[in-house]
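Written below as structure tokens is the structure these notes are about.
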Amino acid sequence: MMGCNKCMKVCGALCLVFGVLFLLRDLAIWNFWNINWWTVVFLLAAVGKLSMIKCPECQAMMKKK
């Protein structure tokens, strides 16, 4: 997925947050929800794609290609 800088920062921040949450769960420091990692991957991909669809900068980049 390639998008504008803003969308890439948002997706990167979300990946970092969920990565830290799953690291804390793996280290048995914090037991949150009972969801699997692949569910989070699908949710992150969906959020990233939806943000790129709504972003005018990303749409302009897609039209150039």
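Just so we're on the same page: first chain in the structure tokens is A, next is B, and so on; residues restart at 1 for each chain, and ligands are numbered from 1 in the order they show up.
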Query - In chain A, DSSP alpha helix (DSSP H) residues written as a PyMOL selection string - result: chain A and resi 5-26+37-54+56-64
Query raised in the report: Within 7 Å of stretch 57-64 of chain A, counting only C-alpha atoms, which residues qualify if same-chain residues fewer than 3 places away don't, as a PyMOL selection string?
Result: chain A and resi 3-4+52-53
Report task. Please identify all polymer residues within 12 Å of A:Ala13, counting only C-alpha atoms, omitting same-chain residues fewer than 6 positions from it, and present them as an MDAnalysis selection string. Result -> chainID A and resid 6:7 19:20 44 48
Residue subset to file, keeping N, CA, C and O atoms, as an mmCIF file, in the first residue's frame:
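File selection-v2.cif, as written:
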```cif
data_model
loop_
_atom_site.group_PDB
_atom_site.id
_atom_site.type_symbol
_atom_site.label_atom_id
_atom_site.label_comp_id
_atom_site.auth_asym_id
_atom_site.auth_seq_id
_atom_site.Cartn_x
_atom_site.Cartn_y
_atom_site.Cartn_z
ATOM 1 N N LYS A 6 0.679 11.560 5.009
ATOM 2 C CA LYS A 6 -0.254 11.579 6.142
ATOM 3 C C LYS A 6 -0.849 10.188 6.373
ATOM 4 O O LYS A 6 -0.858 9.700 7.510
ATOM 5 N N CYS A 7 -1.306 9.541 5.325
ATOM 6 C CA CYS A 7 -1.912 8.213 5.463
ATOM 7 C C CYS A 7 -0.871 7.175 5.885
ATOM 8 O O CYS A 7 -1.175 6.288 6.691
ATOM 9 N N GLY A 19 1.393 -3.356 17.581
ATOM 10 C CA GLY A 19 2.585 -4.168 17.818
ATOM 11 C C GLY A 19 3.003 -4.146 19.270
ATOM 12 O O GLY A 19 3.327 -5.190 19.853
ATOM 13 N N VAL A 20 2.975 -2.976 19.890
ATOM 14 C CA VAL A 20 3.326 -2.865 21.311
ATOM 15 C C VAL A 20 2.292 -3.589 22.165
ATOM 16 O O VAL A 20 2.643 -4.283 23.128
ATOM 17 N N LEU A 44 -6.231 -3.522 10.252
ATOM 18 C CA LEU A 44 -5.294 -2.469 9.859
ATOM 19 C C LEU A 44 -5.286 -2.262 8.345
ATOM 20 O O LEU A 44 -5.220 -1.124 7.873
ATOM 21 N N GLY A 48 -6.390 1.211 6.616
ATOM 22 C CA GLY A 48 -5.462 1.859 5.691
ATOM 23 C C GLY A 48 -6.081 2.096 4.327
ATOM 24 O O GLY A 48 -5.942 3.176 3.740
#
```
Query raised in the report: From the list A:Lys9, A:Phe22, A:Pro56, A:Met2, which residue is nearest A:Ile35 when using only C-alpha atoms?
Result: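 Smallest distance to A:Ile35 is found for A:Phe22.
In this model, the gap between atom CA of A:Val10 and atom CA of A:Arg25 comes to 22.7 Å.
As for atom CA of A:Val41 and atom CA of A:Leu14, they are spaced 10.5 Å apart.
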